[in-house]
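**Student:** For reference, this is query23.txt, and it has compact mmCIF, C-alpha atoms and all ligand atoms.
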# COMPACT_ATOMS: atom_id res chain seq x y z
CA MET A 8 55.25 4.61 -44.61
CA ARG A 9 54.86 1.31 -42.80
CA THR A 10 56.06 2.89 -39.52
CA LYS A 11 53.50 5.67 -39.90
CA ASN A 12 50.66 3.16 -40.45
CA LEU A 13 51.75 1.16 -37.44
CA TYR A 14 51.81 4.35 -35.37
CA ILE A 15 48.20 5.17 -36.37
CA VAL A 16 47.03 1.64 -35.49
CA TRP A 17 48.71 1.87 -32.05
CA CYS A 18 47.07 5.26 -31.42
CA LEU A 19 43.65 3.81 -32.25
CA ILE A 20 44.19 0.85 -29.96
CA LEU A 21 45.30 3.19 -27.16
CA ILE A 22 42.17 5.34 -27.56
CA LEU A 23 39.93 2.26 -27.44
CA VAL A 24 41.70 0.88 -24.35
CA LEU A 25 41.46 4.24 -22.54
CA GLU A 26 37.74 4.50 -23.36
CA GLY A 27 37.25 1.01 -22.02
CA CYS A 28 39.11 1.85 -18.78
CA SER A 29 37.07 4.98 -18.18
CA GLY A 30 34.04 2.63 -17.90
CA LYS A 31 32.13 4.90 -20.23
CA LYS A 32 29.29 3.02 -21.91
CA GLU A 33 27.24 4.12 -24.80
CA GLU A 34 24.29 6.19 -23.59
CA PRO A 35 20.94 4.89 -24.77
CA GLU A 36 19.01 7.58 -26.57
CA ASN A 37 16.44 8.15 -23.86
CA ALA A 38 18.70 7.51 -20.88
CA LEU A 39 18.93 9.92 -17.94
CA LEU A 40 16.12 12.08 -19.28
CA TYR A 41 15.15 13.13 -15.79
CA GLU A 42 18.64 14.51 -15.20
CA ASP A 43 17.85 17.67 -17.16
CA GLU A 44 15.03 18.36 -14.75
CA ILE A 45 16.95 17.87 -11.55
CA GLU A 46 18.35 21.09 -10.13
CA GLU A 47 22.10 21.11 -9.87
CA GLY A 48 23.59 20.24 -6.51
CA HIS A 49 20.68 17.96 -5.56
CA ASP A 50 21.21 14.33 -4.84
CA TYR A 51 17.78 12.72 -5.07
CA ILE A 52 16.90 9.06 -4.69
CA VAL A 53 15.43 8.34 -8.11
CA VAL A 54 12.46 5.98 -8.00
CA GLY A 55 10.58 4.55 -10.98
CA PHE A 56 7.03 3.49 -10.19
CA ALA A 57 5.22 1.16 -12.65
CA GLN A 58 1.58 1.66 -11.64
CA VAL A 59 -1.25 -0.61 -12.88
CA GLY A 60 -3.54 2.09 -14.29
CA SER A 61 -6.31 4.39 -13.14
CA GLU A 62 -9.19 1.92 -13.16
CA SER A 63 -10.68 2.57 -9.72
CA ASP A 64 -11.04 4.90 -6.74
CA TRP A 65 -8.60 2.66 -4.88
CA ARG A 66 -6.03 3.13 -7.64
CA MET A 67 -6.43 6.93 -7.63
CA ALA A 68 -5.91 7.01 -3.85
CA ASN A 69 -2.86 4.76 -4.23
CA THR A 70 -1.32 6.96 -6.94
CA ALA A 71 -1.99 10.06 -4.83
CA SER A 72 -0.22 8.38 -1.90
CA PHE A 73 2.92 7.82 -4.01
CA GLN A 74 2.85 11.31 -5.48
CA ALA A 75 2.52 12.86 -2.03
CA THR A 76 5.31 10.76 -0.47
CA PHE A 77 7.92 10.55 -3.21
CA ARG A 78 8.44 14.31 -3.54
CA GLU A 79 11.55 16.33 -4.04
CA GLU A 80 11.28 17.90 -0.58
CA ASN A 81 11.47 14.36 0.82
CA GLY A 82 14.65 13.68 -1.15
CA TYR A 83 13.05 11.70 -3.98
CA TYR A 84 12.67 12.12 -7.69
CA LEU A 85 9.69 10.06 -8.91
CA LEU A 86 9.30 8.71 -12.43
CA PHE A 87 5.67 7.62 -12.70
CA GLU A 88 4.32 5.33 -15.45
CA ASP A 89 0.64 4.43 -15.76
CA GLY A 90 0.43 0.95 -17.33
CA GLN A 91 -3.18 1.46 -18.43
CA GLN A 92 -4.08 -2.04 -17.20
CA LYS A 93 -1.63 -3.69 -19.65
CA GLN A 94 1.30 -5.85 -18.61
CA GLU A 95 3.27 -5.01 -21.76
CA ASN A 96 3.14 -1.30 -20.84
CA GLN A 97 4.45 -2.09 -17.38
CA ILE A 98 7.30 -4.18 -18.81
CA LYS A 99 8.19 -1.32 -21.16
CA ALA A 100 8.15 1.10 -18.21
CA ILE A 101 10.54 -1.11 -16.21
CA ARG A 102 12.94 -1.36 -19.16
CA ASN A 103 12.84 2.41 -19.46
CA PHE A 104 13.60 2.79 -15.74
CA ILE A 105 16.57 0.45 -16.17
CA LEU A 106 17.87 2.53 -19.10
CA GLN A 107 17.48 5.65 -17.00
CA GLU A 108 19.53 4.05 -14.20
CA VAL A 109 17.00 4.73 -11.44
CA ASP A 110 17.95 3.82 -7.86
CA TYR A 111 14.82 1.76 -7.11
CA ILE A 112 11.95 0.29 -9.09
CA ILE A 113 8.53 0.00 -7.50
CA LEU A 114 6.24 -2.41 -9.32
CA ASP A 115 2.52 -2.93 -8.81
CA PRO A 116 2.13 -5.91 -11.13
CA ILE A 117 -1.21 -6.12 -12.93
CA VAL A 118 -1.09 -9.94 -13.00
CA GLU A 119 1.10 -12.40 -11.09
CA THR A 120 2.90 -14.22 -13.92
CA GLY A 121 5.21 -13.23 -16.78
CA TRP A 122 7.74 -11.11 -14.86
CA ASP A 123 10.84 -13.34 -14.69
CA ALA A 124 12.68 -11.92 -17.70
CA VAL A 125 12.27 -8.23 -16.92
CA LEU A 126 13.06 -8.73 -13.22
CA GLU A 127 16.26 -10.56 -14.27
CA GLU A 128 17.13 -7.46 -16.31
CA ALA A 129 16.60 -5.20 -13.29
CA ARG A 130 18.74 -7.48 -11.15
CA ALA A 131 21.50 -7.54 -13.79
CA ALA A 132 21.44 -3.72 -13.69
CA GLY A 133 21.75 -3.84 -9.88
CA ILE A 134 18.40 -2.08 -9.27
CA PRO A 135 16.32 -3.33 -6.32
CA VAL A 136 12.65 -3.98 -7.11
CA ILE A 137 10.02 -3.39 -4.44
CA LEU A 138 6.55 -4.84 -5.06
CA SER A 139 3.64 -2.76 -3.88
CA ASP A 140 -0.02 -3.86 -3.60
CA ARG A 141 -0.12 -6.88 -5.94
CA SER A 142 2.53 -9.58 -6.06
CA VAL A 143 4.29 -11.84 -8.57
CA GLU A 144 4.74 -15.57 -9.09
CA VAL A 145 8.38 -16.05 -10.14
CA SER A 146 10.76 -19.01 -10.30
CA ASP A 147 13.30 -17.20 -8.13
CA GLU A 148 11.92 -15.26 -5.16
CA THR A 149 15.09 -13.20 -4.86
CA LEU A 150 14.18 -11.41 -8.10
CA TYR A 151 12.48 -8.82 -5.91
CA THR A 152 13.57 -7.34 -2.61
CA CYS A 153 10.25 -7.35 -0.77
CA TRP A 154 6.50 -6.90 -1.05
CA VAL A 155 4.12 -4.61 0.81
CA GLY A 156 0.35 -4.90 0.45
CA SER A 157 -2.90 -6.41 1.68
CA ASP A 158 -3.63 -9.94 2.78
CA PHE A 159 -6.17 -10.49 -0.01
CA GLU A 160 -7.07 -14.03 1.06
CA GLU A 161 -7.89 -12.82 4.54
CA GLU A 162 -10.02 -10.04 3.02
CA GLY A 163 -12.03 -12.74 1.21
CA ARG A 164 -12.40 -14.80 4.38
CA VAL A 165 -13.57 -11.79 6.41
CA ALA A 166 -16.24 -11.13 3.74
CA GLY A 167 -17.35 -14.77 3.88
CA ARG A 168 -17.49 -14.86 7.68
CA TRP A 169 -19.43 -11.60 7.69
CA LEU A 170 -22.01 -13.10 5.30
CA ALA A 171 -22.41 -16.19 7.51
CA ASP A 172 -22.98 -14.00 10.61
CA TYR A 173 -25.40 -11.73 8.79
CA LEU A 174 -27.50 -14.61 7.45
CA LYS A 175 -27.62 -16.08 10.93
CA LYS A 176 -28.83 -12.79 12.42
CA GLU A 177 -31.50 -12.62 9.71
CA GLY A 178 -32.58 -16.18 10.47
CA ARG A 179 -31.59 -17.29 6.98
CA ASP A 180 -28.69 -19.58 7.84
CA GLU A 181 -30.60 -22.72 6.81
CA GLU A 182 -31.97 -21.23 3.57
CA GLU A 183 -30.54 -21.90 0.12
CA ILE A 184 -28.38 -18.87 -0.70
CA ARG A 185 -27.62 -18.09 -4.35
CA ILE A 186 -24.45 -16.09 -4.93
CA VAL A 187 -22.72 -14.44 -7.91
CA THR A 188 -19.23 -12.93 -7.91
CA LEU A 189 -17.92 -9.99 -9.88
CA GLN A 190 -14.24 -10.76 -10.00
CA GLY A 191 -11.42 -8.29 -10.43
CA THR A 192 -8.82 -8.45 -13.20
CA LEU A 193 -8.22 -12.18 -13.64
CA ASP A 194 -4.86 -13.45 -12.34
CA SER A 195 -4.22 -10.29 -10.32
CA SER A 196 -3.27 -10.97 -6.69
CA ALA A 197 -6.31 -9.02 -5.50
CA GLN A 198 -8.66 -11.23 -7.55
CA LEU A 199 -6.92 -14.52 -6.78
CA GLY A 200 -6.74 -13.82 -3.05
CA ARG A 201 -10.28 -12.52 -2.58
CA THR A 202 -11.78 -15.36 -4.64
CA LYS A 203 -9.76 -18.00 -2.75
CA GLY A 204 -10.49 -16.47 0.67
CA PHE A 205 -14.24 -16.34 0.07
CA ASP A 206 -14.12 -19.94 -1.25
CA ASP A 207 -12.52 -21.07 2.04
CA ILE A 208 -15.74 -20.02 3.81
CA LEU A 209 -18.13 -21.02 0.99
CA LYS A 210 -17.02 -24.64 1.18
CA ASN A 211 -18.18 -24.84 4.80
CA HIS A 212 -21.73 -23.86 3.87
CA GLY A 213 -23.51 -26.58 1.93
CA ASN A 214 -26.56 -24.33 1.45
CA TRP A 215 -24.58 -21.61 -0.40
CA THR A 216 -24.44 -21.99 -4.18
CA MET A 217 -22.04 -20.01 -6.36
CA LEU A 218 -24.13 -19.52 -9.49
CA GLU A 219 -21.49 -17.77 -11.56
CA ARG A 220 -18.27 -15.80 -11.32
CA ARG A 221 -17.05 -13.45 -13.99
CA SER A 222 -14.50 -10.67 -14.24
CA GLY A 223 -15.56 -7.02 -14.38
CA ASP A 224 -11.89 -5.98 -14.56
CA PHE A 225 -12.24 -3.74 -11.48
CA THR A 226 -14.11 -1.06 -13.49
CA GLN A 227 -17.56 0.44 -12.98
CA SER A 228 -18.65 0.03 -16.63
CA LYS A 229 -17.70 -3.66 -16.81
CA GLY A 230 -19.21 -4.26 -13.37
CA GLN A 231 -22.50 -2.91 -14.64
CA GLU A 232 -22.32 -4.93 -17.87
CA VAL A 233 -21.52 -8.24 -16.15
CA MET A 234 -24.15 -7.68 -13.43
CA ALA A 235 -26.80 -7.00 -16.10
CA ASP A 236 -25.83 -10.33 -17.71
CA PHE A 237 -26.02 -12.14 -14.36
CA LEU A 238 -29.52 -10.77 -13.82
CA ARG A 239 -30.63 -11.93 -17.28
CA THR A 240 -29.21 -15.43 -16.72
CA HIS A 241 -30.08 -16.12 -13.07
CA SER A 242 -33.29 -15.55 -11.23
CA ASP A 243 -33.33 -15.06 -7.47
CA ILE A 244 -29.79 -13.89 -6.84
CA ASP A 245 -29.47 -13.49 -3.06
CA VAL A 246 -25.91 -12.19 -2.75
CA VAL A 247 -23.44 -10.28 -4.91
CA ILE A 248 -19.78 -10.49 -3.98
CA SER A 249 -18.04 -7.69 -5.84
CA GLU A 250 -14.27 -7.68 -5.65
CA ASN A 251 -14.04 -3.87 -5.70
CA ASP A 252 -16.21 -0.82 -5.04
CA ASN A 253 -16.26 0.50 -8.59
CA MET A 254 -17.73 -2.76 -9.91
CA THR A 255 -20.18 -2.55 -6.99
CA PHE A 256 -21.34 0.91 -8.10
CA GLY A 257 -21.88 -0.46 -11.62
CA ALA A 258 -23.71 -3.49 -10.22
CA ILE A 259 -26.04 -1.29 -8.15
CA GLU A 260 -26.96 0.63 -11.33
CA ALA A 261 -27.67 -2.64 -13.17
CA ILE A 262 -29.80 -3.97 -10.28
CA GLU A 263 -31.85 -0.77 -10.12
CA LYS A 264 -32.26 -0.72 -13.90
CA ALA A 265 -33.62 -4.26 -13.71
CA GLY A 266 -36.27 -2.99 -11.28
CA LEU A 267 -34.72 -4.71 -8.26
CA THR A 268 -33.28 -3.28 -5.04
CA CYS A 269 -30.19 -4.00 -2.99
CA GLY A 270 -28.96 -3.18 0.48
CA PRO A 271 -30.35 -4.05 3.92
CA GLU A 272 -33.97 -3.25 2.98
CA GLY A 273 -33.67 -4.58 -0.59
CA ASP A 274 -33.72 -7.83 -2.56
CA ILE A 275 -29.99 -8.50 -2.86
CA ILE A 276 -27.20 -8.58 -0.28
CA MET A 277 -24.22 -6.55 -1.55
CA ILE A 278 -20.67 -7.19 -0.33
CA SER A 279 -17.79 -5.10 -1.62
CA PHE A 280 -14.04 -4.55 -1.21
CA ASP A 281 -11.89 -1.38 -0.95
CA GLY A 282 -13.61 1.42 0.99
CA ALA A 283 -10.95 3.69 -0.48
CA SER A 284 -13.33 6.56 -1.15
CA ARG A 285 -16.32 8.24 0.46
CA ALA A 286 -18.60 6.82 -2.27
CA ALA A 287 -18.62 3.33 -0.72
CA PHE A 288 -19.66 4.80 2.64
CA THR A 289 -22.34 6.91 0.96
CA ALA A 290 -23.73 3.76 -0.71
CA MET A 291 -23.95 2.11 2.74
CA GLN A 292 -25.58 5.22 4.23
CA GLU A 293 -28.10 5.27 1.37
CA GLY A 294 -28.99 1.66 2.19
CA LYS A 295 -27.71 0.19 -1.09
CA LEU A 296 -24.67 -1.66 0.17
CA HIS A 297 -24.33 -3.96 3.17
CA MET A 298 -20.63 -4.33 3.80
CA VAL A 299 -17.23 -3.18 2.59
CA MET A 300 -14.03 -5.02 3.36
CA GLU A 301 -11.39 -2.34 3.57
CA CYS A 302 -8.32 -2.47 1.35
CA ASN A 303 -5.78 0.15 2.37
CA PRO A 304 -4.35 2.09 -0.61
CA LEU A 305 -1.93 4.24 1.42
CA LEU A 306 1.13 2.12 0.76
CA ALA A 307 3.68 4.79 -0.18
CA PRO A 308 4.79 5.66 3.40
CA LEU A 309 5.62 1.97 3.93
CA VAL A 310 7.61 1.81 0.69
CA ASP A 311 9.43 4.98 1.76
CA GLU A 312 10.32 3.32 5.08
CA ILE A 313 11.68 0.31 3.19
CA ILE A 314 13.81 2.46 0.88
CA GLN A 315 15.23 4.42 3.81
CA LYS A 316 16.21 1.16 5.51
CA LEU A 317 17.85 -0.12 2.32
CA GLU A 318 19.73 3.17 2.01
CA ARG A 319 21.14 2.60 5.51
CA GLY A 320 22.08 -0.94 4.55
CA GLU A 321 19.53 -2.48 6.95
CA GLU A 322 17.52 -5.66 6.46
CA VAL A 323 13.90 -5.34 5.37
CA GLU A 324 10.94 -7.68 5.91
CA ARG A 325 10.15 -9.85 2.86
CA ILE A 326 6.39 -9.44 3.28
CA ARG A 327 4.59 -6.62 5.00
CA TYR A 328 0.81 -6.62 5.31
CA VAL A 329 -1.16 -3.47 6.00
CA GLU A 330 -3.86 -3.36 8.66
CA GLU A 331 -7.47 -3.48 7.51
CA GLN A 332 -10.98 -3.80 8.91
CA TYR A 333 -14.52 -4.14 7.62
CA PHE A 334 -17.36 -1.64 7.72
CA ASP A 335 -21.05 -2.40 7.49
CA ALA A 336 -24.30 -0.49 7.24
CA SER A 337 -25.17 -1.14 10.90
CA MET A 338 -22.17 0.92 12.13
CA ASP A 339 -22.05 4.63 12.95
CA LEU A 340 -20.47 5.48 9.59
CA GLU A 341 -20.38 9.24 10.22
CA ALA A 342 -18.08 8.60 13.17
CA VAL A 343 -15.94 6.26 11.04
CA LEU A 344 -15.69 8.88 8.27
CA GLU A 345 -14.40 11.47 10.72
CA THR A 346 -11.35 9.28 11.32
CA ARG A 347 -10.58 8.89 7.62
CA GLY A 348 -8.93 11.11 5.06
CA TYR A 349 -11.99 11.60 2.87
O1 LIG B 401 -9.09 -3.50 -4.93
C1 LIG B 401 -9.11 -2.36 -7.00
C2 LIG B 401 -8.00 -1.94 -7.88
O2 LIG B 401 -4.95 -4.22 -6.41
C3 LIG B 401 -5.94 -3.88 -4.29
O3 LIG B 401 -7.01 -2.92 -7.68
C4 LIG B 401 -5.86 -3.47 -5.70
C5 LIG B 401 -7.19 -3.52 -6.43
C6 LIG B 401 -8.32 -2.75 -5.80
O4 LIG B 401 -8.35 -1.70 -9.15
O5 LIG B 401 -10.04 -1.35 -6.78
Could you rewrite the structure in this file as structure tokens?
**Tutor:**
Amino acid sequence: MRTKNLYIVWCLILILVLEGCSGKKEEPENALLYEDEIEEGHDYIVVGFAQVGSESDWRMANTASFQATFREENGYYLLFEDGQQKQENQIKAIRNFILQEVDYIILDPIVETGWDAVLEEARAAGIPVILSDRSVEVSDETLYTCWVGSDFEEEGRVAGRWLADYLKKEGRDEEEIRIVTLQGTLDSSAQLGRTKGFDDILKNHGNWTMLERRSGDFTQSKGQEVMADFLRTHSDIDVVISENDNMTFGAIEAIEKAGLTCGPEGDIIMISFDGASRAAFTAMQEGKLHMVMECNPLLAPLVDEIIQKLERGEEVERIRYVEEQYFDASMDLEAVLETRGY
């Protein structure tokens, strides 16, 4: 009897040891879901993309860029998660990508802080993280492989320099200039950079006063709401700096509702960021908007290039900025539009 019991115990131990050696780990319930969808015989590079949301025209163009680039015919299988402007959704998406054992994670972080723990988890799982568009503030920079996006501070400086030149041309460079800013999502790289860049120029102009800055969260409805508040609180606003086009469209509505006008022939100077859709150009052509600092949403081909390099075991640049320029109402915008994808 005793020998038989011992035999059973040894068998159990053997089974456990063999399982351990085979490296088989317990499958999480929702792991490898995409595998059912992948046709047999295909060896795709599986990429999980944690997108911010769908708050703006820029964001839609950016999502379209990823969906067009990371396609099966290009050798990719894309898992796309819309974070709906919430960091906790993005963290959940990354954890899900880790469970699904993707090859790469692309993160467009809504805000800069609060990523250390989940990026540690990705590193522990051996999955490279590529940041696209916005960036992160982490204690250990090696928690992500690289970042590709816009130089947001420079965008803010270009807007500030443009305003100084414009006021000079209008003979208003000695006048007191009263400014309000519609900021993007607070603590996002795009907001922090644009605000800081514009400030760099503001501080050189003693006659410019920043009356108030408030976030419109990069959406048209909040842009309109905050602009209506600004107009109730401050009289004689000379300039609106709006950190994206959708807030600008909302602000234009609020200005018109208040019985005022904006644009080169109007009461208020309007400066915007993005230019990622035809609507911003139309607003300039209609004389409601002075200037748009371009922010390029077509980042996916650059991320693709990075992944291909990593696949070949090559080094990649830590930071890669995209090229951008400004457009204003005095330019031949029809000619500009012909060179663009919309
Ligand atoms: O300017 C805005 C979007 O992060 C650059 O996010 C992006 C910004 C863009 O919602 O329209």
**Student:** Would you kindly return, as an MDAnalysis selection string, each protein, DNA or RNA residue with an atom no farther than 10 Å from any atom of His212 in chain A, considering all atoms listed in the file and excluding same-chain residues fewer than 3 positions away?
**Tutor:** chainID A and resid 171 180:181 183:184 206:209 215:216
**Student:** Using only C-alpha atoms for the distances, tell me which of A:Val145, A:Ile101, A:Met291, A:Ile137 is nearest to Trp122 in chain A.
**Tutor:** A:Val145
**Student:** Of the residues A:Ala75, A:Leu114, A:Ile326, A:Ile45, which is the one nearest to Glu88 in chain A, using only C-alpha atoms?
**Tutor:**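 Ranking A:Ala75, A:Leu114, A:Ile326, A:Ile45 by distance to Glu88 in chain A, first place goes to A:Leu114.
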**Student:** Could you give me, as CSV, every chain A residue with an atom at most 6 Å from ligand LIG 401 (chain B), plus its closest atom pair and distance in Å to one decimal, counting only C-alpha atoms and all ligand atoms, rows ordered by chain then number?
**Tutor:**
residue,atom,partner,partner_atom,distance
A:Glu62,CA,B:LIG401,O4,5.5
A:Ser63,CA,B:LIG401,O4,4.9
A:Trp65,CA,B:LIG401,O5,4.7
A:Arg66,CA,B:LIG401,C2,5.4
A:Asp140,CA,B:LIG401,O2,5.7
A:Arg141,CA,B:LIG401,O2,5.5
A:Ala197,CA,B:LIG401,O2,5.1
A:Phe225,CA,B:LIG401,O4,5.0
A:Asn251,CA,B:LIG401,O5,4.8
A:Asp281,CA,B:LIG401,O1,5.3
**Student:** Selected residues, C-alpha atoms, written as a PDB file, in the frame of the given file, please.
**Tutor:**
ATOM      1  CA  GLU A  62      -9.190   1.920 -13.160  1.00  0.00           C
ATOM      2  CA  SER A  63     -10.680   2.570  -9.720  1.00  0.00           C
ATOM      3  CA  TRP A  65      -8.600   2.660  -4.880  1.00  0.00           C
ATOM      4  CA  ARG A  66      -6.030   3.130  -7.640  1.00  0.00           C
ATOM      5  CA  ASP A 140      -0.020  -3.860  -3.600  1.00  0.00           C
ATOM      6  CA  ARG A 141      -0.120  -6.880  -5.940  1.00  0.00           C
ATOM      7  CA  ALA A 197      -6.310  -9.020  -5.500  1.00  0.00           C
ATOM      8  CA  PHE A 225     -12.240  -3.740 -11.480  1.00  0.00           C
ATOM      9  CA  ASN A 251     -14.040  -3.870  -5.700  1.00  0.00           C
ATOM     10  CA  ASP A 281     -11.890  -1.380  -0.950  1.00  0.00           C
TER      11      ASP A 281
END
**Student:** To one decimal place, how far is CA of Cys269 in chain A from CA of Leu238 in chain A in Å?
**Tutor:**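 CA of Leu238 in chain A lies 12.8 Å from CA of Cys269 in chain A.
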**Student:** At what distance in Å, to one decimal, does CA of Pro135 in chain A lie from CA of Tyr111 in chain A?
**Tutor:**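 Straight-line distance from CA of Tyr111 in chain A to CA of Pro135 in chain A works out to 5.4 Å.
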**Student:** Produce the centre coordinates and the three edge lengths, each in Å to one decimal, of the box along x, y and z that contains all listed atoms of range 267-273 of chain A with 8 Å added on each side, as AutoDock Vina command-line options.
**Tutor:**
--center_x -31.8 --center_y -3.9 --center_z -2.2 --size_x 21.8 --size_y 17.5 --size_z 28.2
**Student:** Which residues are close to Leu85 in chain A, i.e. within 7 Å by only C-alpha atoms, leaving aside same-chain residues fewer than 2 positions away? Reply as a list of chain:residue names.
**Tutor:**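 The filter keeps A:Val53, A:Val54, A:Gly55, A:Phe77, A:Arg78, A:Tyr83, A:Phe87.
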**Student:** For the point (7.7, -9.0, -10.3) in the file's frame, write as a ChimeraX atom specification all residues with an atom no more than 7 Å away, counting all atoms listed in the file.
**Tutor:** /A:114,116,122-123,126,138,142-143,151
**Student:** Identify, on the basis of all atoms listed in the file, every residue whose closest approach to Gln94 in chain A does not exceed 9 Å; exclude the query and any residue fewer than 6 positions from it along the same chain; express the result as a PyMOL selection string.
**Tutor:** chain A and resi 59+116-118+121
**Student:** As a ChimeraX atom specification, please: the residues near Gly156 in chain A (cut-off 7 Å, all atoms listed in the file, same-chain neighbours under 2 positions excluded).
**Tutor:** /A:139-141,154,158,327-329
**Student:** What is the CA of Gly191 in chain A-CA of Asp224 in chain A distance in Å, reported with one decimal?
**Tutor:** 4.8 Å
**Student:** Which one of A:Glu250, A:Ile259, A:Leu306, A:Asn96 sits closest to Ser196 in chain A if you count only C-alpha atoms?
**Tutor:**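 Smallest separation from Ser196 in chain A among the options: A:Glu250.
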**Student:** Measuring atom to atom with all atoms listed in the file, identify which of A:Gln92, A:Asn81, A:Ser337, A:Gln198 is nearest to Ile52 in chain A.
**Tutor:**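 Ranked by minimum distance to Ile52 in chain A, first place goes to A:Asn81.
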